[in-house]
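Structure file final04.tsv (TSV, C-alpha atoms and all ligand atoms) is printed below.
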```tsv
chain	number	residue	atom	x	y	z
C	1027	MET	CA	-27.26	-12.57	9.77
C	1028	GLY	CA	-29.39	-9.44	10.23
C	1029	ALA	CA	-28.60	-6.05	8.77
C	1030	THR	CA	-26.74	-4.89	11.88
C	1031	VAL	CA	-23.27	-6.39	12.17
C	1032	LYS	CA	-22.52	-7.43	15.77
C	1033	TRP	CA	-18.89	-6.85	16.68
C	1034	GLY	CA	-16.45	-8.12	19.26
C	1035	LEU	CA	-13.24	-6.17	19.88
C	1036	LEU	CA	-10.04	-8.00	20.80
C	1037	GLY	CA	-7.97	-5.79	23.10
C	1038	ALA	CA	-8.74	-2.59	24.98
C	1039	ALA	CA	-6.35	-0.98	22.54
C	1040	ARG	CA	-5.68	2.71	21.95
C	1041	ILE	CA	-6.57	2.36	18.28
C	1042	ALA	CA	-9.91	0.77	19.21
C	1043	GLU	CA	-10.67	3.63	21.57
C	1044	ARG	CA	-9.47	6.37	19.26
C	1045	ALA	CA	-10.75	5.15	15.91
C	1046	LEU	CA	-12.55	1.82	15.62
C	1047	ILE	CA	-15.23	2.16	18.28
C	1048	PRO	CA	-16.50	5.45	16.83
C	1049	ALA	CA	-16.13	4.14	13.26
C	1050	ILE	CA	-18.08	0.92	13.91
C	1051	ARG	CA	-20.88	2.84	15.60
C	1052	ALA	CA	-21.00	5.52	12.90
C	1053	ALA	CA	-21.19	2.76	10.28
C	1054	GLY	CA	-24.22	1.26	12.04
C	1055	GLY	CA	-22.45	-1.71	13.66
C	1056	ARG	CA	-23.17	-2.82	17.23
C	1057	ILE	CA	-20.29	-3.58	19.61
C	1058	VAL	CA	-21.47	-6.39	21.87
C	1059	ALA	CA	-18.28	-7.47	23.65
C	1060	LEU	CA	-14.71	-6.56	24.50
C	1061	GLY	CA	-11.96	-9.16	24.86
C	1062	CYS	CA	-9.38	-8.14	27.44
C	1063	ARG	CA	-6.57	-9.96	29.25
C	1064	ASP	CA	-7.36	-8.11	32.47
C	1065	GLU	CA	-10.96	-8.27	33.67
C	1066	ALA	CA	-10.88	-5.15	35.86
C	1067	ARG	CA	-9.19	-3.00	33.22
C	1068	GLY	CA	-11.52	-4.44	30.60
C	1069	LYS	CA	-14.60	-3.61	32.66
C	1070	ALA	CA	-13.50	-0.01	33.15
C	1071	PHE	CA	-12.83	0.34	29.40
C	1072	ALA	CA	-16.13	-1.35	28.50
C	1073	GLN	CA	-18.12	0.82	30.90
C	1074	HIS	CA	-16.48	3.97	29.57
C	1075	HIS	CA	-17.36	2.95	26.00
C	1076	ASP	CA	-20.76	1.46	26.75
C	1077	ILE	CA	-19.87	-2.13	25.80
C	1078	ALA	CA	-22.03	-4.70	27.58
C	1079	ARG	CA	-19.72	-7.71	28.00
C	1080	VAL	CA	-16.08	-8.29	28.87
C	1081	GLN	CA	-14.67	-11.68	27.98
C	1082	THR	CA	-11.42	-13.53	27.55
C	1083	TYR	CA	-10.12	-13.51	23.98
C	1084	LEU	CA	-11.19	-17.15	23.53
C	1085	GLU	CA	-14.67	-16.55	24.92
C	1086	LEU	CA	-15.08	-13.60	22.59
C	1087	VAL	CA	-14.11	-15.39	19.38
C	1088	GLN	CA	-16.46	-18.24	20.31
C	1089	ASP	CA	-19.38	-16.01	21.36
C	1090	PRO	CA	-22.35	-17.07	19.18
C	1091	GLU	CA	-23.83	-13.55	19.19
C	1092	ILE	CA	-20.79	-12.06	17.47
C	1093	ASP	CA	-20.59	-11.80	13.65
C	1094	ALA	CA	-17.28	-9.97	13.24
C	1095	VAL	CA	-14.11	-9.63	15.30
C	1096	TYR	CA	-11.86	-6.57	15.17
C	1097	ILE	CA	-8.26	-7.41	16.08
C	1098	GLY	CA	-6.37	-4.43	17.50
C	1099	LEU	CA	-3.61	-6.44	19.14
C	1100	PRO	CA	0.19	-6.22	18.81
C	1101	ASN	CA	1.36	-7.47	15.41
C	1102	SER	CA	2.56	-10.88	16.56
C	1103	ALA	CA	-0.93	-11.68	17.93
C	1104	HIS	CA	-2.73	-10.98	14.65
C	1105	LEU	CA	-2.24	-14.41	13.06
C	1106	PRO	CA	-3.21	-16.65	16.01
C	1107	TRP	CA	-6.33	-14.65	16.85
C	1108	ALA	CA	-7.39	-14.22	13.24
C	1109	LEU	CA	-7.09	-17.99	12.80
C	1110	ALA	CA	-9.07	-18.61	16.01
C	1111	ALA	CA	-11.82	-16.19	14.96
C	1112	LEU	CA	-12.12	-17.65	11.45
C	1113	ALA	CA	-12.21	-21.19	12.90
C	1114	ALA	CA	-15.10	-20.08	15.13
C	1115	GLY	CA	-16.98	-18.81	12.05
C	1116	LYS	CA	-16.39	-15.07	12.56
C	1117	HIS	CA	-15.54	-12.45	9.98
C	1118	VAL	CA	-12.24	-10.75	10.76
C	1119	LEU	CA	-11.09	-7.16	10.41
C	1120	CYS	CA	-7.46	-7.15	11.57
C	1121	GLU	CA	-5.07	-4.25	12.00
C	1122	LYS	CA	-2.12	-3.70	9.72
C	1123	PRO	CA	0.30	-5.33	9.23
C	1124	LEU	CA	-2.06	-8.28	8.88
C	1125	THR	CA	0.71	-10.73	9.76
C	1126	LEU	CA	4.49	-10.77	10.16
C	1127	ASN	CA	5.26	-12.33	6.75
C	1128	ALA	CA	3.74	-13.63	3.53
C	1129	ASN	CA	3.68	-17.28	4.69
C	1130	GLN	CA	1.43	-16.27	7.56
C	1131	VAL	CA	-0.98	-14.59	5.15
C	1132	ALA	CA	-1.06	-17.85	3.19
C	1133	GLN	CA	-2.13	-19.63	6.41
C	1134	LEU	CA	-4.95	-17.13	6.81
C	1135	GLN	CA	-6.02	-17.63	3.22
C	1136	ALA	CA	-6.22	-21.39	3.76
C	1137	ALA	CA	-8.35	-20.83	6.89
C	1138	GLN	CA	-10.56	-18.36	5.07
C	1139	ARG	CA	-11.19	-20.84	2.28
C	1140	ILE	CA	-12.09	-23.59	4.77
C	1141	HIS	CA	-14.36	-21.45	6.93
C	1142	GLY	CA	-15.84	-19.22	4.24
C	1143	ARG	CA	-15.68	-15.94	6.14
C	1144	VAL	CA	-14.45	-12.45	5.22
C	1145	ALA	CA	-10.97	-11.48	6.42
C	1146	MET	CA	-9.53	-8.04	5.70
C	1147	GLU	CA	-6.46	-6.03	6.67
C	1148	ALA	CA	-7.52	-2.77	8.36
C	1149	PHE	CA	-5.52	-0.37	6.15
C	1150	MET	CA	-7.86	2.58	6.57
C	1151	TYR	CA	-5.86	5.17	4.58
C	1152	ARG	CA	-6.77	3.31	1.33
C	1153	PHE	CA	-10.38	4.45	1.71
C	1154	HIS	CA	-9.65	8.17	1.99
C	1155	PRO	CA	-10.93	10.15	-1.05
C	1156	VAL	CA	-7.50	11.74	-1.59
C	1157	ILE	CA	-5.98	8.31	-2.18
C	1158	GLU	CA	-8.79	7.34	-4.52
C	1159	ARG	CA	-8.27	10.61	-6.41
C	1160	LEU	CA	-4.52	9.90	-6.67
C	1161	HIS	CA	-5.25	6.49	-8.19
C	1162	THR	CA	-7.68	8.03	-10.69
C	1163	LEU	CA	-5.23	10.73	-11.76
C	1164	VAL	CA	-2.42	8.22	-12.26
C	1165	ARG	CA	-4.69	5.75	-14.04
C	1166	ASP	CA	-6.03	8.47	-16.35
C	1167	GLY	CA	-2.52	9.52	-17.32
C	1168	ALA	CA	-2.61	13.00	-15.72
C	1169	ILE	CA	1.18	12.93	-15.30
C	1170	GLY	CA	2.05	10.46	-18.04
C	1171	PRO	CA	3.75	7.14	-17.29
C	1172	VAL	CA	4.95	7.05	-13.67
C	1173	ARG	CA	8.74	7.25	-13.35
C	1174	LEU	CA	9.43	7.89	-9.67
C	1175	MET	CA	7.69	7.64	-6.27
C	1176	ARG	CA	8.78	8.96	-2.88
C	1177	GLY	CA	7.00	8.15	0.34
C	1178	ALA	CA	7.72	8.77	4.01
C	1179	PHE	CA	6.01	8.19	7.34
C	1180	ALA	CA	7.70	8.69	10.70
C	1181	PHE	CA	7.12	9.97	14.21
C	1182	ILE	CA	8.77	9.92	17.62
C	1183	LEU	CA	7.62	6.89	19.61
C	1184	ASP	CA	8.40	8.15	23.07
C	1185	LYS	CA	6.73	5.48	25.25
C	1186	PRO	CA	9.42	2.98	26.31
C	1187	ASP	CA	6.91	0.23	27.17
C	1188	ASP	CA	5.02	0.40	23.85
C	1189	PRO	CA	4.64	-3.05	22.18
C	1190	ARG	CA	6.19	-1.55	19.06
C	1191	TRP	CA	9.59	-1.56	20.80
C	1192	ASP	CA	9.29	-5.29	21.53
C	1193	PRO	CA	10.77	-7.70	18.98
C	1194	ALA	CA	8.66	-10.57	20.38
C	1195	LEU	CA	5.46	-8.63	19.65
C	1196	GLY	CA	6.31	-7.77	16.04
C	1197	GLY	CA	7.70	-4.33	16.84
C	1198	GLY	CA	9.58	-2.05	14.50
C	1199	ALA	CA	9.06	0.96	12.24
C	1200	LEU	CA	8.88	-0.97	8.96
C	1201	TYR	CA	5.90	-3.00	10.18
C	1202	ASP	CA	4.24	-0.03	11.84
C	1203	VAL	CA	4.68	2.90	9.43
C	1204	GLY	CA	6.90	1.82	6.53
C	1205	CYS	CA	4.07	-0.45	5.43
C	1206	TYR	CA	1.99	2.59	4.35
C	1207	PRO	CA	4.18	4.09	1.59
C	1208	ILE	CA	5.08	0.59	0.37
C	1209	ASP	CA	1.39	-0.33	0.16
C	1210	LEU	CA	0.61	2.79	-1.87
C	1211	MET	CA	3.58	2.23	-4.20
C	1212	ARG	CA	2.38	-1.32	-4.85
C	1213	HIS	CA	-1.13	-0.24	-5.62
C	1214	LEU	CA	-0.08	2.57	-7.95
C	1215	THR	CA	2.16	0.31	-10.01
C	1216	GLY	CA	0.57	-3.12	-9.56
C	1217	GLU	CA	4.09	-4.43	-8.92
C	1218	LEU	CA	6.11	-5.93	-6.10
C	1219	PRO	CA	9.36	-4.13	-5.30
C	1220	ASP	CA	12.84	-5.21	-6.25
C	1221	VAL	CA	14.76	-3.84	-3.29
C	1222	LEU	CA	18.07	-2.41	-4.53
C	1223	ALA	CA	19.30	-1.19	-1.15
C	1224	ALA	CA	17.88	-0.88	2.34
C	1225	GLN	CA	19.29	0.33	5.61
C	1226	ALA	CA	18.01	0.38	9.16
C	1227	SER	CA	18.99	1.60	12.60
C	1228	TYR	CA	18.19	-0.78	15.46
C	1229	THR	CA	17.55	-0.64	19.17
C	1230	ASP	CA	19.62	-2.78	21.54
C	1231	ARG	CA	16.80	-5.33	21.41
C	1232	GLY	CA	17.07	-5.57	17.63
C	1233	VAL	CA	13.99	-3.56	16.65
C	1234	ASP	CA	14.31	-1.35	13.54
C	1235	HIS	CA	13.56	2.25	14.52
C	1236	ALA	CA	14.52	3.95	11.25
C	1237	VAL	CA	14.46	2.33	7.83
C	1238	SER	CA	14.99	3.57	4.30
C	1239	ALA	CA	14.86	1.63	1.07
C	1240	LEU	CA	15.62	2.20	-2.58
C	1241	MET	CA	13.35	0.07	-4.76
C	1242	ASN	CA	12.09	-0.56	-8.26
C	1243	PHE	CA	8.41	-1.34	-8.76
C	1244	GLY	CA	8.65	-2.66	-12.30
C	1245	ASP	CA	10.38	0.19	-14.12
C	1246	VAL	CA	9.33	2.82	-11.54
C	1247	HIS	CA	12.06	4.02	-9.18
C	1248	ALA	CA	11.02	4.48	-5.55
C	1249	HIS	CA	12.35	5.67	-2.23
C	1250	MET	CA	10.75	5.04	1.15
C	1251	ASP	CA	11.73	6.13	4.64
C	1252	CYS	CA	10.06	5.53	7.96
C	1253	GLY	CA	10.88	5.68	11.64
C	1254	PHE	CA	10.11	5.92	15.32
C	1255	THR	CA	13.03	8.24	16.05
C	1256	LEU	CA	12.43	10.93	13.45
C	1257	PRO	CA	10.21	13.97	13.98
C	1258	PHE	CA	6.66	13.45	12.70
C	1259	HIS	CA	6.44	13.63	8.94
C	1260	GLN	CA	4.34	12.01	6.25
C	1261	SER	CA	4.45	12.65	2.51
C	1262	PHE	CA	3.91	10.98	-0.81
C	1263	GLU	CA	4.94	12.07	-4.28
C	1264	VAL	CA	4.47	10.50	-7.71
C	1265	ILE	CA	6.44	11.88	-10.64
C	1266	GLY	CA	5.56	10.97	-14.20
C	1267	SER	CA	6.95	11.89	-17.58
C	1268	HIS	CA	4.70	14.99	-17.73
C	1269	GLY	CA	4.28	16.18	-14.17
C	1270	ALA	CA	4.05	15.45	-10.48
C	1271	LEU	CA	1.38	14.69	-7.85
C	1272	ARG	CA	1.99	15.36	-4.17
C	1273	ILE	CA	-0.07	14.62	-1.05
C	1274	ASP	CA	0.88	16.43	2.13
C	1275	HIS	CA	-1.00	14.15	4.59
C	1276	PRO	CA	-1.34	10.85	2.75
C	1277	PHE	CA	-1.70	8.35	5.58
C	1278	LEU	CA	-3.02	9.94	8.76
C	1279	ASN	CA	-5.57	12.60	8.00
C	1280	THR	CA	-8.70	12.05	10.07
C	1281	HIS	CA	-8.46	15.46	11.69
C	1282	VAL	CA	-6.59	17.54	9.11
C	1283	GLU	CA	-7.31	18.92	5.68
C	1284	THR	CA	-5.25	17.13	3.03
C	1285	ALA	CA	-3.85	18.84	-0.05
C	1286	LEU	CA	-3.19	17.07	-3.33
C	1287	THR	CA	-0.95	19.15	-5.58
C	1288	VAL	CA	-1.52	18.50	-9.27
C	1289	GLY	CA	0.98	20.53	-11.23
C	1290	ASN	CA	0.13	24.17	-10.36
C	1291	ASP	CA	-3.29	23.29	-8.91
C	1292	VAL	CA	-4.11	22.25	-5.37
C	1293	GLU	CA	-7.12	20.04	-4.58
C	1294	ARG	CA	-8.18	20.18	-0.94
C	1295	PHE	CA	-9.84	17.34	0.96
C	1296	PRO	CA	-11.56	18.06	4.28
C	1297	PRO	CA	-10.78	15.98	7.39
C	1298	THR	CA	-12.32	12.55	6.71
C	1299	ASP	CA	-12.81	9.48	8.87
C	1300	ALA	CA	-11.25	6.81	6.63
C	1301	TYR	CA	-11.79	4.24	9.45
C	1302	LEU	CA	-15.53	4.75	9.04
C	1303	LEU	CA	-15.30	4.31	5.25
C	1304	MET	CA	-13.27	1.11	5.76
C	1305	VAL	CA	-15.70	-0.36	8.33
C	1306	ALA	CA	-18.70	0.52	6.18
C	1307	HIS	CA	-17.09	-1.29	3.22
C	1308	PHE	CA	-16.24	-4.33	5.38
C	1309	GLN	CA	-19.83	-4.57	6.60
C	1310	ARG	CA	-21.19	-4.34	3.05
C	1311	VAL	CA	-18.80	-7.15	2.01
C	1312	ILE	CA	-20.11	-9.31	4.87
C	1313	ARG	CA	-23.67	-8.66	3.73
C	1314	LEU	CA	-22.69	-9.61	0.15
C	1315	GLU	CA	-23.62	-6.10	-1.00
C	1316	GLU	CA	-20.27	-5.49	-2.74
C	1317	PRO	CA	-17.04	-7.32	-3.54
C	1318	GLN	CA	-14.07	-7.02	-1.21
C	1319	ARG	CA	-11.81	-4.29	-2.57
C	1320	TYR	CA	-8.66	-5.58	-0.89
C	1321	PRO	CA	-8.83	-9.37	-0.51
C	1322	LEU	CA	-6.14	-11.46	1.15
C	1323	ASP	CA	-4.24	-11.91	-2.13
C	1324	ASP	CA	-3.46	-8.21	-1.83
C	1325	SER	CA	-2.40	-8.60	1.81
C	1326	ARG	CA	-0.15	-11.47	0.77
C	1327	ALA	CA	1.52	-9.26	-1.85
C	1328	GLN	CA	1.91	-6.52	0.78
C	1329	ALA	CA	3.54	-8.95	3.22
C	1330	GLU	CA	5.82	-10.20	0.44
C	1331	ALA	CA	6.90	-6.60	-0.25
C	1332	ILE	CA	7.76	-6.08	3.43
C	1333	ASP	CA	9.58	-9.44	3.50
C	1334	ARG	CA	11.70	-8.25	0.60
C	1335	VAL	CA	12.75	-5.07	2.42
C	1336	PHE	CA	13.69	-7.09	5.51
C	1337	LEU	CA	15.71	-9.47	3.34
C	1338	ALA	CA	17.64	-6.57	1.79
C	1339	LEU	CA	18.57	-5.01	5.13
C	1340	GLU	CA	22.17	-5.24	6.20
C	1341	PRO	CA	22.92	-7.77	8.94
C	1342	GLN	CA	22.04	-6.14	12.21
C	1343	PRO	CA	24.97	-4.33	13.85
C	1344	SER	CA	25.57	-4.63	17.57
C	1345	GLY	CA	24.65	-1.67	19.78
C	1346	GLY	CA	21.78	0.77	19.35
C	1347	ILE	CA	19.49	2.92	21.40
E	1	LIG	N1	-4.73	1.76	11.43
E	1	LIG	C1	-4.18	2.65	12.24
E	1	LIG	O1	-4.34	3.85	12.08
E	1	LIG	C2	-3.41	2.16	13.42
E	1	LIG	C3	-2.95	3.07	14.36
E	1	LIG	C4	-2.31	2.59	15.49
E	1	LIG	C5	-2.09	1.22	15.62
E	1	LIG	N2	-2.53	0.36	14.66
E	1	LIG	C6	-2.33	-1.09	14.80
E	1	LIG	O2	-3.20	-1.54	15.82
E	1	LIG	C7	-2.60	-2.56	16.60
E	1	LIG	C8	-2.64	-2.15	18.05
E	1	LIG	O3	-1.99	-0.91	18.20
E	1	LIG	P1	-2.25	0.05	19.46
E	1	LIG	O4	-1.29	1.18	19.32
E	1	LIG	O5	-3.68	0.38	19.61
E	1	LIG	O6	-1.77	-0.89	20.63
E	1	LIG	P2	-2.03	-0.83	22.22
E	1	LIG	O7	-2.79	0.36	22.64
E	1	LIG	O8	-0.69	-1.07	22.80
E	1	LIG	O9	-3.03	-2.03	22.43
E	1	LIG	C9	-2.70	-3.30	22.08
E	1	LIG	C10	-3.65	-4.22	22.83
E	1	LIG	O10	-3.10	-5.49	22.62
E	1	LIG	C11	-3.39	-6.31	23.74
E	1	LIG	N3	-2.25	-7.20	24.01
E	1	LIG	C12	-2.28	-8.53	23.86
E	1	LIG	N4	-1.10	-9.07	24.17
E	1	LIG	C13	-0.31	-8.04	24.52
E	1	LIG	C14	1.02	-7.96	24.98
E	1	LIG	N5	1.78	-9.06	25.11
E	1	LIG	N6	1.53	-6.75	25.26
E	1	LIG	C15	0.77	-5.63	25.11
E	1	LIG	N7	-0.51	-5.65	24.68
E	1	LIG	C16	-1.04	-6.84	24.41
E	1	LIG	C17	-3.76	-5.39	24.87
E	1	LIG	O11	-5.08	-5.75	25.10
E	1	LIG	P3	-5.71	-6.05	26.54
E	1	LIG	O12	-6.67	-4.95	26.66
E	1	LIG	O13	-6.31	-7.40	26.36
E	1	LIG	O14	-4.63	-6.04	27.55
E	1	LIG	C18	-3.70	-3.99	24.32
E	1	LIG	O15	-4.84	-3.26	24.65
E	1	LIG	C19	-1.22	-2.77	15.99
E	1	LIG	O16	-1.25	-3.83	15.07
E	1	LIG	C20	-0.95	-1.47	15.23
E	1	LIG	O17	-0.12	-1.67	14.08
E	1	LIG	C21	-3.19	0.82	13.58
```

Take the structure I supplied and represent it as structure tokens, if you would.
Ligand SMILES: NC(=O)c1ccc[n+]([C@@H]2O[C@H](COP(=O)([O-])OP(=O)(O)OC[C@H]3O[C@@H](n4cnc5c(N)ncnc54)[C@H](OP(=O)(O)O)[C@@H]3O)[C@@H](O)[C@H]2O)c1
Amino acid sequence: MGATVKWGLLGAARIAERALIPAIRAAGGRIVALGCRDEARGKAFAQHHDIARVQTYLELVQDPEIDAVYIGLPNSAHLPWALAALAAGKHVLCEKPLTLNANQVAQLQAAQRIHGRVAMEAFMYRFHPVIERLHTLVRDGAIGPVRLMRGAFAFILDKPDDPRWDPALGGGALYDVGCYPIDLMRHLTGELPDVLAAQASYTDRGVDHAVSALMNFGDVHAHMDCGFTLPFHQSFEVIGSHGALRIDHPFLNTHVETALTVGNDVERFPPTDAYLLMVAHFQRVIRLEEPQRYPLDDSRAQAEAIDRVFLALEPQPSGGI
């Protein structure tokens, strides 16, 4: 493979348009094809974004010119299309949550071993400098041993036909936004959560639209909340024996300055395209220029953590919104 990674995008998705197309191009990748279920809509999207070919999903994953496939599909479509792309010899960058449960990640790991390609969950926030700084401060003992973590991510999902309202497509707030604080809690502690209590509110179709959980990550207490029916908020706080660290925009911060409060000091991070940093890393991993920072073992642990929250949720009540 040459120095330029040639990409195919699965789905004329909003996230592709908003974040991945600019990130791939800024990272020096070349987008050669778009996979779309609807040819006419696909052509309009491809023309608008200067993408030469529109294909079916199957044609795209089997296209010999393509090195890497970006999967920006609804959550339930991640596993089948990641498996198809790996089987066709492509590298795979797939949106979060990588799959719907830990067993599905294990299937991907088996496919990755057989086909010898890179597969990575597209958790862009991990690459933002504020998150790396948080890890360094915790690791270096800036606040002493960590005792407590609080994380939240929620917004109003006001489009009734959004796939995230559909249980058959892997909808729900825990998959969509709750995964972020849980991922960060796991990485800070190196532990999986014991879920002491969890509660959710559901739509009539059985999709969780507000979830909160009380957890222990080893001996660190943690609280997480997330939702589609709560006004936009995101926050993360780590409290240790000697102090506290707080990030005001921990997860979605491409266009805003982010503040990290360290005791009485505030460190400010300018708006940063973490998608670009993630894509650049993925491309370097493909070219064997650096090791993969978040291999599928980590995605399996993440899926196991989400599985545990689902398991702890009360049986779903009837009625909802
Ligand atoms: N990392 C982030 O910051 C971030 C942000 C938002 C979303 N995401 C993730 O990205 C993925 C896509 O999210 P999105 O908001 O961009 O979704 P979206 O705009 O609704 O696009 C999803 C795409 O999936 C395809 N699709 C295939 N089967 C479908 C079905 N049965 N119903 C609807 N669409 C179907 C469609 O592609 P066609 O063009 O072929 O019709 C559509 O363009 C999700 O996994 C989500 O969690 C990540």

- Task: Kindly provide, as a PyMOL selection string, all nucleotide and amino acid residues lying within 8 Å of ligand LIG 1 (chain E), counting all atoms listed in the file.
- Result: chain C and resi 1036-1043+1045+1061-1064+1067-1068+1083+1097-1101+1103-1104+1120-1124+1148-1151+1188-1190+1195+1201-1202+1278+1301

Kindly list the centre and edge lengths in Å, rounded to one decimal, for the axis-aligned box that covers all listed atoms of range 1172-1186 of chain C plus 8 Å on each of its six sides, as AutoDock Vina command-line options.
```
--center_x 7.2 --center_y 6.5 --center_z 6.3 --size_x 20.5 --size_y 23.0 --size_z 56.0
```

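Between Leu1240 in chain C and the candidates C:Ala1329, C:Leu1339, C:Leu1163, C:Ile1092, the tightest atom-to-atom separation, counting only C-alpha atoms, involves C:Leu1339.
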
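Here CA of Ala1223 in chain C is placed at a distance of 10.1 Å from CA of Leu1337 in chain C.
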
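Near Ile1332 in chain C, within a cut-off of 9 Å and counting only C-alpha atoms, sit the residues Leu1126, Asn1127, Ala1128, Leu1200, Tyr1201, Gly1204, Cys1205, Ile1208, Ala1327, Gln1328, Ala1329, Val1335, Phe1336 and Leu1337 of chain C, with same-chain residues fewer than 3 positions away left out.
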
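Neighbouring residues of Phe1181 in chain C at 6 Å or closer, counting all atoms listed in the file and skipping chain neighbours under 6 positions away, are Phe1254, Leu1256, Pro1257 and Phe1258 of chain C.
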
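Considering the residues C:Val1233, C:Met1211, C:Ile1312, C:Met1175 and counting all atoms listed in the file, Gly1266 in chain C has its shortest atom-to-atom contact with C:Met1175.
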
- Query: Which is closest to Arg1294 in chain C among C:Ala1306, C:Pro1155, C:Gln1260, C:Gly1216, if we use only C-alpha atoms?
  - Reply: C:Pro1155

- Task: List every protein, DNA or RNA residue that has at least one atom no more than 10 Å from (-11.1, 14.8, 10.5) in the file's coordinates, counting only C-alpha atoms, and write the result as a ChimeraX atom specification.
- Result: /C:1278-1284,1295-1300

- Write out as a PyMOL selection string the residues lying within 8 Å of Gln1135 in chain C, counting only C-alpha atoms and excluding same-chain residues fewer than 4 positions away. chain C and resi 1131+1139+1322

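Going from CA of Thr1215 in chain C to CA of Leu1286 in chain C covers 18.8 Å.
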
- For Val1246 in chain C, the closest of C:His1141, C:His1268, C:Arg1176, C:His1161 counting all atoms listed in the file is C:Arg1176

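Relative to CA of Gly1289 in chain C, CA of Ala1270 in chain C is found at 6.0 Å.
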